[in-house]
Structures are given as structure tokens and as C-alpha cells.
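A.B. asks: Input file: target_9.cif. Contents: mmCIF, C-alpha atoms.
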```cif
data_start
#
loop_
_atom_site.label_atom_id
_atom_site.label_comp_id
_atom_site.auth_asym_id
_atom_site.auth_seq_id
_atom_site.Cartn_x
_atom_site.Cartn_y
_atom_site.Cartn_z
CA MET V 1 45.78 5.60 -90.22
CA GLU V 2 46.58 2.78 -87.77
CA ASN V 3 44.21 2.09 -84.91
CA ASP V 4 46.21 1.85 -81.64
CA SER V 5 43.16 1.18 -79.46
CA GLU V 6 42.72 -2.11 -77.56
CA PRO V 7 40.99 -4.88 -79.55
CA GLU V 8 37.35 -5.29 -78.68
CA GLN V 9 36.91 -8.04 -76.07
CA SER V 10 34.31 -10.73 -76.05
CA CYS V 11 31.35 -10.39 -73.73
CA TRP V 12 32.77 -13.40 -71.85
CA ALA V 13 35.55 -11.16 -70.58
CA TYR V 14 33.02 -9.15 -68.57
CA LEU V 15 31.21 -12.13 -67.07
CA PRO V 16 30.88 -11.63 -63.29
CA ASN V 17 32.98 -13.97 -61.16
CA VAL V 18 29.94 -15.62 -59.61
CA CYS V 19 28.55 -16.45 -63.06
CA LEU V 20 31.93 -17.68 -64.30
CA SER V 21 32.23 -19.98 -61.31
CA HIS V 22 28.80 -21.45 -62.06
CA VAL V 23 29.85 -22.10 -65.65
CA PHE V 24 32.83 -24.05 -64.34
CA TRP V 25 30.50 -25.93 -61.99
CA TRP V 26 28.80 -27.65 -64.91
CA LEU V 27 32.04 -28.73 -66.60
CA ASP V 28 33.81 -32.05 -66.05
CA ASP V 29 37.48 -32.19 -65.07
CA ARG V 30 38.82 -32.28 -68.63
CA ASP V 31 36.74 -29.33 -69.80
CA ARG V 32 37.63 -27.35 -66.68
CA SER V 33 41.33 -27.88 -67.39
CA ARG V 34 40.89 -26.70 -70.98
CA ALA V 35 38.84 -23.67 -69.97
CA ALA V 36 41.51 -22.71 -67.43
CA LEU V 37 43.95 -22.17 -70.32
CA VAL V 38 41.87 -19.37 -71.83
CA CYS V 39 43.21 -16.59 -69.62
CA LYS V 40 44.51 -15.81 -66.14
CA ARG V 41 41.05 -14.95 -64.81
CA TRP V 42 39.58 -18.24 -66.00
CA ASN V 43 42.52 -20.07 -64.49
CA GLN V 44 41.77 -18.44 -61.16
CA ALA V 45 38.11 -19.43 -61.49
CA MET V 46 39.14 -23.07 -61.74
CA TYR V 47 40.58 -22.85 -58.22
CA SER V 48 37.33 -21.65 -56.66
CA GLY V 49 36.99 -23.82 -53.57
CA PHE V 50 33.28 -24.56 -53.94
CA LEU V 51 33.91 -26.39 -57.25
CA TRP V 52 35.84 -29.13 -55.45
CA ARG V 53 34.04 -29.58 -52.14
CA THR V 54 32.19 -32.72 -53.20
CA ARG V 55 33.77 -35.58 -55.07
CA THR V 56 32.81 -39.09 -56.18
CA ILE V 57 35.80 -41.15 -57.33
CA THR V 58 34.84 -44.30 -59.21
CA PHE V 59 37.15 -47.19 -59.98
CA SER V 60 35.94 -49.83 -62.44
CA GLY V 61 36.40 -53.37 -61.22
CA ARG V 62 37.21 -54.90 -64.59
CA PRO V 63 40.40 -54.56 -66.65
CA SER V 64 40.21 -51.86 -69.30
CA ARG V 65 42.26 -49.06 -70.80
CA SER V 66 40.35 -46.59 -68.67
CA ASN V 67 41.58 -48.11 -65.39
CA ILE V 68 44.94 -46.37 -65.57
CA SER V 69 43.33 -42.97 -66.19
CA GLU V 70 40.87 -43.57 -63.33
CA PHE V 71 43.66 -44.16 -60.82
CA GLU V 72 45.78 -41.29 -62.16
CA SER V 73 42.80 -38.93 -62.22
CA ALA V 74 42.04 -39.67 -58.57
CA LEU V 75 45.58 -38.82 -57.49
CA TRP V 76 45.63 -35.73 -59.74
CA TYR V 77 42.49 -34.42 -58.10
CA VAL V 78 43.70 -34.92 -54.53
CA LYS V 79 47.09 -33.33 -55.21
CA ARG V 80 45.60 -30.20 -56.79
CA PHE V 81 42.26 -29.74 -55.06
CA GLY V 82 42.20 -32.09 -52.06
CA LYS V 83 42.51 -29.19 -49.61
CA TYR V 84 39.00 -28.01 -50.58
CA LEU V 85 37.34 -31.39 -50.17
CA GLU V 86 34.44 -31.73 -47.71
CA HIS V 87 32.44 -34.71 -49.02
CA LEU V 88 34.22 -37.72 -50.52
CA GLU V 89 32.71 -40.91 -51.94
CA ILE V 90 34.86 -43.78 -53.20
CA LYS V 91 33.35 -46.46 -55.45
CA PHE V 92 35.17 -49.67 -56.40
CA LEU V 93 32.83 -51.54 -58.70
CA ASN V 94 32.97 -55.35 -58.72
CA PRO V 95 36.73 -55.97 -58.62
CA TYR V 96 37.58 -58.69 -61.13
CA ASN V 97 40.94 -59.97 -59.88
CA ALA V 98 43.75 -59.47 -57.35
CA VAL V 99 45.73 -57.25 -59.75
CA LEU V 100 42.99 -54.61 -59.65
CA THR V 101 42.51 -54.83 -55.89
CA ARG V 102 46.27 -54.34 -55.50
CA LYS V 103 46.18 -51.32 -57.81
CA PHE V 104 43.23 -49.91 -55.89
CA GLN V 105 45.01 -50.44 -52.56
CA VAL V 106 48.19 -48.69 -53.75
CA THR V 107 46.19 -45.79 -55.19
CA MET V 108 44.14 -45.43 -52.02
CA ARG V 109 47.32 -45.44 -49.94
CA GLY V 110 48.62 -42.45 -51.87
CA LEU V 111 45.24 -40.74 -51.99
CA LEU V 112 44.53 -41.09 -48.25
CA SER V 113 48.10 -40.14 -47.30
CA ARG V 114 48.00 -36.96 -49.36
CA LEU V 115 44.50 -36.05 -48.21
CA GLY V 116 45.41 -36.61 -44.58
CA LYS V 117 48.26 -34.08 -44.89
CA CYS V 118 46.56 -31.32 -46.88
CA ASN V 119 42.92 -31.45 -45.82
CA SER V 120 41.27 -30.15 -42.65
CA ARG V 121 37.72 -29.80 -43.98
CA LEU V 122 36.53 -33.35 -44.71
CA VAL V 123 33.23 -33.98 -42.93
CA SER V 124 31.84 -36.90 -44.94
CA LEU V 125 33.50 -40.11 -46.14
CA THR V 126 31.67 -42.91 -47.99
CA ILE V 127 33.34 -46.13 -49.15
CA GLN V 128 30.66 -48.73 -49.83
CA HIS V 129 30.42 -52.34 -50.97
CA LEU V 130 34.12 -53.23 -50.79
CA GLU V 131 33.26 -56.83 -49.75
CA LEU V 132 36.69 -57.39 -48.28
CA ASP V 133 35.87 -61.03 -47.51
CA ARG V 134 35.95 -61.93 -51.23
CA LEU V 135 38.84 -64.03 -52.57
CA VAL V 136 39.99 -61.24 -54.92
CA TRP V 137 41.22 -59.46 -51.80
CA ARG V 138 44.44 -61.28 -50.95
CA ASN V 139 45.23 -61.12 -47.24
CA ILE V 140 48.26 -58.87 -47.63
CA ILE V 141 46.33 -56.43 -49.88
CA ARG V 142 43.30 -56.45 -47.62
CA ASN V 143 45.32 -55.92 -44.44
CA GLN V 144 47.32 -53.08 -45.97
CA PHE V 145 44.19 -51.30 -47.18
CA ILE V 146 42.55 -51.54 -43.76
CA LYS V 147 45.77 -50.29 -42.12
CA ASN V 148 45.90 -47.27 -44.45
CA LEU V 149 42.24 -46.49 -43.79
CA ILE V 150 42.73 -46.71 -40.02
CA ILE V 151 45.66 -44.27 -40.18
CA PHE V 152 43.55 -41.87 -42.25
CA LEU V 153 40.55 -42.07 -39.89
CA LYS V 154 42.80 -41.37 -36.91
CA ARG V 155 43.96 -38.17 -38.62
CA MET V 156 40.55 -37.04 -39.83
CA GLY V 157 38.27 -38.44 -37.13
CA ILE V 158 38.08 -35.13 -35.31
CA HIS V 159 36.47 -33.52 -38.40
CA LEU V 160 34.29 -36.36 -39.73
CA VAL V 161 30.57 -36.01 -39.20
CA HIS V 162 29.42 -38.76 -41.59
CA LEU V 163 31.08 -42.14 -42.20
CA SER V 164 29.65 -44.93 -44.35
CA LEU V 165 31.51 -48.22 -44.70
CA LYS V 166 28.45 -50.14 -45.78
CA GLY V 167 29.25 -53.55 -47.24
CA ALA V 168 32.90 -53.62 -46.09
CA ARG V 169 32.55 -57.17 -44.68
CA VAL V 170 35.37 -57.10 -42.14
CA THR V 171 36.06 -59.17 -39.03
CA LEU V 172 34.87 -58.08 -35.60
CA GLU V 173 38.35 -56.94 -34.55
CA GLU V 174 39.00 -55.05 -37.80
CA GLY V 175 35.61 -53.38 -37.70
CA CYS V 176 35.98 -52.21 -34.11
CA GLU V 177 39.48 -50.87 -34.80
CA LEU V 178 38.16 -48.92 -37.81
CA LEU V 179 35.32 -47.40 -35.77
CA SER V 180 37.59 -46.68 -32.81
CA SER V 181 39.87 -44.69 -35.11
CA LEU V 182 37.29 -41.91 -35.12
CA SER V 183 37.83 -41.34 -31.38
CA TYR V 184 41.62 -41.71 -31.47
CA LEU V 185 42.49 -38.12 -30.51
CA LYS V 186 39.86 -37.48 -27.80
CA ASN V 187 38.70 -40.97 -26.74
CA LYS V 188 35.26 -39.99 -27.97
CA SER V 189 33.72 -39.30 -31.37
CA PHE V 190 31.18 -36.63 -32.25
CA ALA V 191 30.29 -38.12 -35.63
CA SER V 192 26.56 -37.75 -36.16
CA GLU V 193 25.89 -40.31 -38.92
CA ILE V 194 27.40 -43.80 -39.07
CA ASN V 195 26.44 -46.45 -41.65
CA ILE V 196 27.76 -49.91 -40.76
CA GLU V 197 25.15 -51.96 -42.62
CA ASP V 198 26.81 -55.19 -43.81
CA PHE V 199 30.01 -53.81 -42.29
CA PHE V 200 30.85 -57.05 -40.54
CA SER V 201 31.19 -60.43 -42.23
CA HIS V 202 28.23 -62.80 -42.40
CA TYR V 203 27.37 -65.10 -39.52
CA LEU V 204 29.05 -63.00 -36.79
CA SER V 205 27.15 -62.54 -33.51
CA ILE V 206 28.26 -58.96 -32.96
CA TYR V 207 25.56 -58.39 -30.33
CA SER V 208 27.45 -60.51 -27.76
CA SER V 209 30.82 -58.77 -28.18
CA PRO V 210 32.11 -56.59 -25.29
CA LEU V 211 34.62 -55.12 -27.75
CA PHE V 212 31.80 -53.85 -29.96
CA HIS V 213 29.94 -52.40 -26.99
CA GLN V 214 33.10 -50.63 -25.82
CA THR V 215 33.63 -49.22 -29.32
CA MET V 216 30.07 -47.93 -29.61
CA SER V 217 30.34 -46.23 -26.21
CA THR V 218 32.83 -43.75 -27.73
CA PHE V 219 30.13 -42.19 -29.94
CA ARG V 220 28.51 -39.23 -28.18
CA ASN V 221 26.49 -37.37 -30.82
CA LEU V 222 24.81 -39.93 -33.08
CA VAL V 223 21.83 -38.65 -35.04
CA ILE V 224 21.49 -41.43 -37.62
CA LEU V 225 22.75 -44.97 -37.03
CA THR V 226 22.47 -47.68 -39.69
CA LEU V 227 23.46 -51.24 -38.84
CA ASN V 228 22.44 -54.91 -38.94
CA TYR V 229 20.24 -56.64 -36.40
CA ASN V 230 23.11 -58.94 -35.44
CA CYS V 231 24.55 -55.84 -33.69
CA ILE V 232 21.43 -55.12 -31.61
CA SER V 233 21.41 -56.03 -27.93
CA ASP V 234 20.18 -54.71 -24.60
CA GLU V 235 23.73 -53.49 -23.95
CA LEU V 236 23.85 -51.48 -27.19
CA LEU V 237 20.45 -49.89 -26.55
CA GLU V 238 21.60 -48.95 -23.05
CA ILE V 239 24.77 -47.37 -24.47
CA LEU V 240 22.74 -45.37 -26.99
CA CYS V 241 20.38 -44.32 -24.22
CA GLU V 242 23.25 -43.14 -22.00
CA HIS V 243 25.41 -41.34 -24.55
CA ASN V 244 23.22 -40.40 -27.54
CA ALA V 245 19.64 -39.94 -26.32
CA HIS V 246 19.95 -36.16 -26.65
CA SER V 247 20.74 -36.39 -30.38
CA LEU V 248 19.51 -39.74 -31.71
CA TRP V 249 16.89 -39.32 -34.41
CA THR V 250 16.93 -42.41 -36.63
CA ILE V 251 18.04 -46.04 -36.37
CA ASN V 252 17.97 -48.08 -39.59
CA ILE V 253 18.19 -51.83 -38.99
CA LYS V 254 18.70 -54.53 -41.61
CA CYS V 255 17.93 -58.14 -40.73
CA HIS V 256 19.22 -60.69 -43.25
CA ILE V 257 18.60 -64.42 -43.21
CA HIS V 258 22.37 -65.11 -43.08
CA ASP V 259 22.99 -62.85 -40.09
CA PRO V 260 22.36 -64.24 -36.58
CA HIS V 261 19.07 -62.83 -35.34
CA GLY V 262 17.98 -65.17 -32.55
CA GLN V 263 19.14 -63.00 -29.64
CA VAL V 264 16.68 -61.87 -27.00
CA VAL V 265 16.23 -58.12 -26.71
CA TRP V 266 13.84 -56.93 -24.02
CA GLY V 267 11.01 -54.56 -24.79
CA MET V 268 12.01 -52.51 -21.73
CA SER V 269 15.34 -51.67 -23.38
CA TRP V 270 13.52 -50.25 -26.40
CA ALA V 271 11.01 -48.47 -24.15
CA ASN V 272 13.78 -46.77 -22.14
CA LEU V 273 15.52 -45.60 -25.32
CA ALA V 274 12.26 -44.32 -26.83
CA LYS V 275 11.51 -42.43 -23.61
CA ARG V 276 14.97 -40.84 -23.40
CA ALA V 277 15.07 -40.10 -27.16
CA PRO V 278 11.52 -38.88 -27.88
CA LYS V 279 12.29 -37.99 -31.53
CA LEU V 280 13.60 -41.48 -32.33
CA LYS V 281 12.32 -43.25 -35.45
CA VAL V 282 13.25 -46.86 -36.17
CA ASN V 283 13.18 -48.33 -39.68
CA PHE V 284 13.42 -52.10 -40.20
CA PHE V 285 14.47 -53.88 -43.41
CA PHE V 286 14.00 -57.65 -43.46
CA GLU V 287 15.47 -59.84 -46.21
CA ARG V 288 14.18 -63.42 -46.31
CA VAL V 289 13.34 -63.29 -42.60
CA MET V 290 9.64 -63.93 -43.04
CA LYS V 291 8.50 -66.52 -40.48
CA HIS V 292 6.16 -65.14 -37.87
CA ASP V 293 8.06 -66.58 -34.89
CA SER V 294 11.28 -64.87 -35.95
CA LEU V 295 9.55 -61.56 -36.67
CA ALA V 296 7.60 -61.63 -33.40
CA ARG V 297 10.82 -62.00 -31.42
CA ILE V 298 12.28 -58.94 -33.16
CA LEU V 299 9.32 -56.60 -33.71
CA LEU V 300 8.46 -55.67 -30.14
CA ALA V 301 5.56 -53.33 -29.44
CA GLU V 302 7.86 -50.89 -27.60
CA ILE V 303 9.85 -50.04 -30.75
CA PRO V 304 8.99 -46.60 -32.21
CA LEU V 305 8.68 -48.11 -35.69
CA ARG V 306 8.08 -45.72 -38.58
CA SER V 307 9.00 -47.87 -41.58
CA ILE V 308 9.15 -51.59 -42.28
CA SER V 309 10.24 -53.54 -45.35
CA LEU V 310 9.64 -57.28 -45.65
CA ARG V 311 11.23 -58.91 -48.71
CA SER V 312 11.37 -62.61 -49.53
CA CYS V 313 13.39 -61.97 -52.73
CA TYR V 314 11.07 -64.20 -54.82
CA PHE V 315 11.63 -67.19 -52.52
CA SER V 316 8.52 -69.14 -51.61
CA ASP V 317 8.18 -71.43 -48.60
CA PRO V 318 4.88 -73.23 -48.01
CA ASP V 319 5.87 -73.64 -44.35
CA TRP V 320 5.47 -69.96 -43.60
CA SER V 321 2.40 -67.78 -43.78
CA MET V 322 2.23 -63.99 -43.91
CA ARG V 323 -1.29 -63.92 -42.50
CA PRO V 324 -0.40 -63.81 -38.76
CA THR V 325 2.19 -61.10 -39.44
CA LEU V 326 -0.37 -58.97 -41.28
CA THR V 327 -3.20 -59.52 -38.81
CA ASN V 328 -1.45 -59.80 -35.43
CA LEU V 329 2.04 -58.32 -35.59
CA LEU V 330 2.03 -55.21 -37.80
CA PRO V 331 -1.26 -53.76 -36.46
CA ALA V 332 0.61 -53.10 -33.19
CA TYR V 333 2.17 -50.12 -35.02
CA LYS V 334 -1.04 -48.82 -36.60
CA HIS V 335 -0.79 -45.46 -34.82
CA ILE V 336 2.82 -44.71 -35.85
CA LEU V 337 3.66 -46.67 -39.04
CA GLN V 338 4.32 -44.35 -42.01
CA LYS V 339 5.99 -46.51 -44.69
CA LEU V 340 5.23 -50.12 -45.58
CA THR V 341 7.07 -52.23 -48.18
CA LEU V 342 6.03 -55.84 -48.77
CA GLU V 343 7.63 -58.04 -51.42
CA PHE V 344 6.82 -61.73 -51.10
CA ASN V 345 5.74 -64.81 -53.01
CA ASN V 346 2.37 -65.73 -51.50
CA SER V 347 1.29 -68.10 -54.29
CA HIS V 348 0.08 -70.54 -51.61
CA GLU V 349 -2.29 -68.11 -49.85
CA SER V 350 -4.59 -65.20 -50.69
CA LEU V 351 -3.95 -62.06 -48.64
CA ASP V 352 -6.00 -59.33 -50.34
CA GLU V 353 -8.38 -58.77 -47.44
CA GLU V 354 -5.66 -58.84 -44.77
CA LEU V 355 -3.52 -56.34 -46.69
CA LEU V 356 -6.42 -53.96 -47.24
CA GLN V 357 -7.44 -54.02 -43.56
CA LEU V 358 -3.84 -53.39 -42.50
CA VAL V 359 -3.54 -50.35 -44.76
CA LEU V 360 -6.85 -48.94 -43.55
CA SER V 361 -5.89 -49.41 -39.91
CA CYS V 362 -2.60 -47.50 -40.25
CA LYS V 363 -3.82 -43.90 -40.10
CA LYS V 364 -0.41 -42.29 -40.65
CA LEU V 365 0.64 -44.51 -43.54
CA PHE V 366 1.64 -42.43 -46.56
CA PHE V 367 3.94 -44.81 -48.49
CA LEU V 368 2.82 -48.24 -49.69
CA LYS V 369 4.74 -50.65 -51.89
CA ILE V 370 3.41 -54.18 -52.43
CA TRP V 371 4.70 -56.90 -54.72
CA ALA V 372 2.54 -59.98 -54.25
CA PHE V 373 -0.08 -62.28 -55.73
CA LEU V 374 -3.17 -60.07 -55.64
CA ARG V 375 -6.43 -59.62 -57.46
CA VAL V 376 -6.81 -56.50 -59.58
CA ALA V 377 -9.86 -55.63 -57.49
CA PHE V 378 -7.49 -54.96 -54.57
CA VAL V 379 -6.19 -51.85 -56.36
CA GLU V 380 -9.70 -50.57 -57.05
CA ARG V 381 -10.79 -51.08 -53.43
CA LEU V 382 -7.70 -49.25 -52.22
CA LEU V 383 -8.37 -46.29 -54.53
CA GLN V 384 -12.00 -46.21 -53.47
CA ASN V 385 -11.02 -45.99 -49.80
CA GLN V 386 -8.53 -43.25 -50.68
CA ALA V 387 -11.31 -41.33 -52.43
CA GLU V 388 -13.52 -41.70 -49.34
CA GLY V 389 -10.77 -40.39 -47.06
CA LYS V 390 -10.31 -43.68 -45.21
CA CYS V 391 -6.59 -43.71 -46.00
CA THR V 392 -4.15 -40.92 -46.81
CA LEU V 393 -1.55 -42.47 -49.09
CA ARG V 394 0.78 -40.24 -51.10
CA THR V 395 2.71 -43.07 -52.78
CA MET V 396 1.15 -46.28 -54.04
CA LYS V 397 3.29 -48.83 -55.88
CA VAL V 398 1.79 -52.25 -56.58
CA ARG V 399 3.14 -55.13 -58.62
CA ILE V 400 0.45 -57.79 -59.10
CA TYR V 401 2.00 -61.22 -59.61
CA THR V 402 0.22 -63.67 -61.89
CA ASN V 403 0.75 -67.35 -62.71
CA ARG V 404 0.41 -66.71 -66.45
CA TYR V 405 2.86 -65.42 -69.03
CA GLU V 406 0.21 -63.16 -70.56
CA THR V 407 -1.18 -60.26 -68.54
CA ILE V 408 -3.43 -58.78 -71.24
CA GLU V 409 -6.62 -59.06 -69.17
CA GLU V 410 -5.04 -57.64 -66.02
CA ASP V 411 -3.54 -54.76 -68.02
CA ARG V 412 -6.93 -53.93 -69.50
CA MET V 413 -8.59 -53.91 -66.08
CA LEU V 414 -5.84 -51.73 -64.61
CA ARG V 415 -6.25 -49.21 -67.44
CA ASP V 416 -9.98 -49.03 -66.75
CA ILE V 417 -9.31 -48.44 -63.04
CA PHE V 418 -6.80 -45.72 -63.85
CA ARG V 419 -9.29 -43.92 -66.08
CA ARG V 420 -11.99 -44.02 -63.39
CA TYR V 421 -9.70 -42.65 -60.69
CA ARG V 422 -7.46 -40.44 -62.78
CA ASP V 423 -8.43 -37.18 -61.09
CA LEU V 424 -7.69 -38.68 -57.67
CA ILE V 425 -4.37 -40.15 -58.83
CA ASP V 426 -3.21 -36.94 -60.53
CA SER V 427 -4.04 -34.79 -57.53
CA GLU V 428 -2.93 -36.98 -54.61
CA LEU V 429 -0.78 -39.97 -55.56
CA ASN V 430 2.59 -41.03 -56.82
CA TYR V 431 1.01 -44.02 -58.51
CA PHE V 432 2.58 -47.03 -60.22
CA VAL V 433 0.67 -50.31 -60.68
CA ILE V 434 1.47 -53.15 -63.07
CA ALA V 435 0.73 -56.84 -63.58
CA TYR V 436 3.80 -59.07 -63.61
CA PRO V 437 4.10 -62.74 -64.68
CA MET V 438 5.68 -64.75 -61.85
CA MET V 439 6.56 -68.13 -63.30
#
```
Rewrite the coordinates I just gave you, this time as C-alpha cells.
C.D. replies:
Amino acid sequence: MENDSEPEQSCWAYLPNVCLSHVFWWLDDRDRSRAALVCKRWNQAMYSGFLWRTRTITFSGRPSRSNISEFESALWYVKRFGKYLEHLEIKFLNPYNAVLTRKFQVTMRGLLSRLGKCNSRLVSLTIQHLELDRLVWRNIIRNQFIKNLIIFLKRMGIHLVHLSLKGARVTLEEGCELLSSLSYLKNKSFASEINIEDFFSHYLSIYSSPLFHQTMSTFRNLVILTLNYNCISDELLEILCEHNAHSLWTINIKCHIHDPHGQVVWGMSWANLAKRAPKLKVNFFFERVMKHDSLARILLAEIPLRSISLRSCYFSDPDWSMRPTLTNLLPAYKHILQKLTLEFNNSHESLDEELLQLVLSCKKLFFLKIWAFLRVAFVERLLQNQAEGKCTLRTMKVRIYTNRYETIEEDRMLRDIFRRYRDLIDSELNYFVIAYPMM
């Protein structure tokens, strides 16, 4: 006798929609497309909006067979799922030649055009490290890309909350036009997070530009602002005080040796901003700006400094000394400093005692990272003070430079210290300490 009943279905057929969607969440694009062919229900699951809200599109900067599929895949995604997109990150890794930059520009033109027409949800856009001042960006390619991006930002500026163009390296005029695009429809922008670190080309004195000040005055709801010190001026601080004091929470400032940083900014300007924006935290990142005179002109006592990073990038200069910075400058923030990163080549001076006293004086310090010429005993003294409750570190990362290729003795001593303080380290610290030959 024939059995006319329905064939028994797999347990997968009864999987709840929420579980099926989570299965699709873990699949890459190719596997999602294959799974969508299984049945109508699985095909519908592929079009669940939450699967496509966040996207990172990566373009390799060197010629390869995968380049074509990368560009085609990006356009495929935007055409089919761009309407769901809320967070978009574009990566263009180390472009090798003008052919690839041209291909990238053409692809981005199509991608941004399509997205601008079909999407009304995008709140976050990140395109970092384009380095548009490099020779691989021919003028016509570069100008066309910037034009396409400006058109896109004018369309989407009303929705965007977060914009990062870190490392774009554009001219003053181009940069201000890009930023002004966000306020195109309402003459003001309510974006809350802007990252323009290394946004402008090297050597530009942005701080003296009325055009830049006018552009920044259109932002009315900044919470987090990341930029270079060559943008900082009394005028900018006054603009932030007038238009963003109610919302401003964090300012991240990078100061690089190649960026102009000799401008005079008055302590009163910082004091007024700190008073009007009581939640404000300022984080400074210095690269190869190590001389005390330069730092003293920048690090004013009125700044509500929470984090500072001083990096010499392995360069050593016998004409500068870190001692006055450690003993006179940084202690001004001992009541508010929370994170301290120091990476410098101090082969010409011993700073163990000064570093230890600085750490002990900063009562709110919880993050410490030091790469320097130190004695191993420095680590033991620091752990002993932690055990006695004289400091309250939660992260301790130390790289001890040595003038020898072999670090066998230092490694042995560090292992002994770790064994003695293991209970303390396991219970309280994110701990990483090594000896490192610096030849």
C-alpha cells in the first residue's frame, strides 16, 4: 500500500525565525546566498534587516585576482541590502598605483550614488587613512572622489551621527567643504562624533583659518571631537563653548612633530570651556613632541586632562630631557589624570625615581604603559606600592629597554618578581612586563 502522507521534514524546518536569523548572522555573504536557496523561508530570513545594518567593506591596495570580486561584492551588497545599512566602514588598504585608486573612485561613485538614493538610516560613516596627498592619487581621480563624497554627505548629513575621515590628508578648502556638507540642508549639523585626526595635510596652520572656524560653528551637538593640535585655537574653544558645551564630553587631540604647534592658546579659553562643559575630558597624544618648552606651551593647567600619551617613536635626542616634564609639568594633573602612556628613548638619563613618584602622586591613575630604559627594580617597587594601597592601577604594561642583545638576567628577575606578587597581579592587574633589547 502506498503512503500518501507528507515526507517527514527535518528539524531545521521547525527552527523559530529568531533562531534562524541568528544562524544567518554568523554566515559570510557567500554562505548566506547559498543558504537562501534552501527554501522560501530561508530566503526570507536572508532579507532580515538586522543582518545588514553594519558593514565593513575592504578594498586591497595591491593588484590581485581578488580585487575585481572586492569591487563587485561592494556594489552587490549596496544594491541588494543598502537600504538596511546603519553603520558603514570603508577600508582602502595601501593603494599601490593609480589604476587601483581609479577603480576605487569609480566603485565608490556607484556605491555612494546608490546608497544616497535608497538609504535613509545611515548614522555612522568611517573612511580612514585614504592619504589623498599621496602621488598614487592623480588630481583628477582625487578631485572626483572628493566631489562624490561631498554630494553623498549633503544627502545623508541630516541622518549622520558619526563621521570619521581620519587620515584623509586634504587641503584646508577641501576639508572645510567636506565638513560643511553635513550642515547643507539646515545650515547646522547635529552630528555627535567627528574624527578629523590627520584629516588635513601636514604643515597646515588650521588654527588661524576663519574658514575652519566658520565650518566648526555649524556643529551644535558634538559629544566626541577628535582632531590635531594644529586645529586648536582660542577661537575654536570659544565656538565649542558657545554651541556644544551642553553636549561635549570628550576631546581627543593629537600633536605630531610635523604639524604646526607653536600657536598661543590661553588658559582662560580652556577654563571657560571646562566650566561650561563640566563633563569634559581631554586626551592628548604626542608623537615626537617631547621638548619641555613645547609641551609646557600646550599642556596648560586649566585643561581637564584625563589621558596623556608621550611617544618619541624610538628617536633619541640628547638635547631634550624628560625629567622636567615628569617632575614639573605632569604633576599639575595629579588629581585628575587617569591614563598615562610614555614611550621614549631615555638612554642618556635615568628616570626611575621620577616615574615612580609621578605614578604615586596621581591618585586616580588606573592605566600605566611605560616603554623606557628602566631598572627591573622599578617594577618591584611599583608592585610593592600597589600592594600597600599607595596606587590603584588596574593596567600595568612595562617594556624595559636594555643596551644588550641578551636579556636572560632581566627575564629571570622579572619571573621572580611575578612569582612573589602573583596573587596581587591575578586579583587586581592587567599585567604585562618584558625586557627588550634596544640597540
A.B. asks: Compare V:Arg220, V:His213, V:Arg323, V:Lys166 by their minimum atom-to-atom distance to V:Ile196, counting only C-alpha atoms, and give me the closest one.
C.D. replies: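 Among the listed residues, V:Lys166 lies closest to V:Ile196.
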A.B. asks: With all atoms listed in the file as the basis for distance, which of V:Gln338, V:Ser217, V:Asn143, V:Asn195 is at the shortest distance from V:Leu305?
C.D. replies: V:Gln338
A.B. asks: Determine the residue membership of the PyMOL selection byres ((chain V and resi 300) around 12) for the file above and supply it as a PDB file with C-alpha atoms, keeping the file's coordinate frame.
C.D. replies:
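What landed in selection-v4.pdb:
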```pdb
ATOM      1  CA  VAL V 264      16.680 -61.870 -27.000  1.00  0.00           C
ATOM      2  CA  VAL V 265      16.230 -58.120 -26.710  1.00  0.00           C
ATOM      3  CA  TRP V 266      13.840 -56.930 -24.020  1.00  0.00           C
ATOM      4  CA  GLY V 267      11.010 -54.560 -24.790  1.00  0.00           C
ATOM      5  CA  MET V 268      12.010 -52.510 -21.730  1.00  0.00           C
ATOM      6  CA  SER V 269      15.340 -51.670 -23.380  1.00  0.00           C
ATOM      7  CA  TRP V 270      13.520 -50.250 -26.400  1.00  0.00           C
ATOM      8  CA  ALA V 271      11.010 -48.470 -24.150  1.00  0.00           C
ATOM      9  CA  VAL V 282      13.250 -46.860 -36.170  1.00  0.00           C
ATOM     10  CA  PHE V 284      13.420 -52.100 -40.200  1.00  0.00           C
ATOM     11  CA  ASP V 293       8.060 -66.580 -34.890  1.00  0.00           C
ATOM     12  CA  SER V 294      11.280 -64.870 -35.950  1.00  0.00           C
ATOM     13  CA  LEU V 295       9.550 -61.560 -36.670  1.00  0.00           C
ATOM     14  CA  ALA V 296       7.600 -61.630 -33.400  1.00  0.00           C
ATOM     15  CA  ARG V 297      10.820 -62.000 -31.420  1.00  0.00           C
ATOM     16  CA  ILE V 298      12.280 -58.940 -33.160  1.00  0.00           C
ATOM     17  CA  LEU V 299       9.320 -56.600 -33.710  1.00  0.00           C
ATOM     18  CA  ALA V 301       5.560 -53.330 -29.440  1.00  0.00           C
ATOM     19  CA  GLU V 302       7.860 -50.890 -27.600  1.00  0.00           C
ATOM     20  CA  ILE V 303       9.850 -50.040 -30.750  1.00  0.00           C
ATOM     21  CA  PRO V 304       8.990 -46.600 -32.210  1.00  0.00           C
ATOM     22  CA  LEU V 305       8.680 -48.110 -35.690  1.00  0.00           C
ATOM     23  CA  ASN V 328      -1.450 -59.800 -35.430  1.00  0.00           C
ATOM     24  CA  LEU V 329       2.040 -58.320 -35.590  1.00  0.00           C
ATOM     25  CA  LEU V 330       2.030 -55.210 -37.800  1.00  0.00           C
ATOM     26  CA  PRO V 331      -1.260 -53.760 -36.460  1.00  0.00           C
ATOM     27  CA  ALA V 332       0.610 -53.100 -33.190  1.00  0.00           C
ATOM     28  CA  TYR V 333       2.170 -50.120 -35.020  1.00  0.00           C
TER      29      TYR V 333
END
```
A.B. asks: From the set V:Phe286, V:Trp52, V:Phe200, V:Phe373, which residue has the shortest atom-to-atom contact distance to V:Leu27, counting all atoms listed in the file?
C.D. replies: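 Using all atoms listed in the file, the shortest distance to V:Leu27 belongs to V:Trp52.
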A.B. asks: Could you tell me how far atom CA of V:Val106 sits from atom CA of V:Ile194, in Å to one decimal place?
C.D. replies: 25.9 Å
A.B. asks: Can you build me a table of stretch 53-154 of chain V residues sitting at most 12 Å from stretch 171-189 of chain V, with the closest atom pair per residue and its distance in Å to one decimal, using all atoms listed in the file, sorted by chain and residue number, as CSV?
C.D. replies:
```
residue,atom,partner,partner_atom,distance
V:Val123,CA,V:Leu182,CA,11.8
V:Leu125,CA,V:Leu182,CA,11.8
V:Glu131,CA,V:Thr171,CA,11.3
V:Leu132,CA,V:Thr171,CA,9.4
V:Asp133,CA,V:Thr171,CA,8.7
V:Arg142,CA,V:Glu174,CA,10.8
V:Asn143,CA,V:Glu174,CA,9.2
V:Gln144,CA,V:Glu174,CA,11.8
V:Phe145,CA,V:Glu174,CA,11.4
V:Ile146,CA,V:Glu174,CA,7.8
V:Lys147,CA,V:Leu178,CA,8.9
V:Asn148,CA,V:Leu178,CA,10.3
V:Leu149,CA,V:Leu178,CA,7.6
V:Ile150,CA,V:Leu178,CA,5.5
V:Ile151,CA,V:Ser181,CA,7.7
V:Phe152,CA,V:Ser181,CA,8.5
V:Leu153,CA,V:Ser181,CA,5.5
V:Lys154,CA,V:Ser181,CA,4.8
```
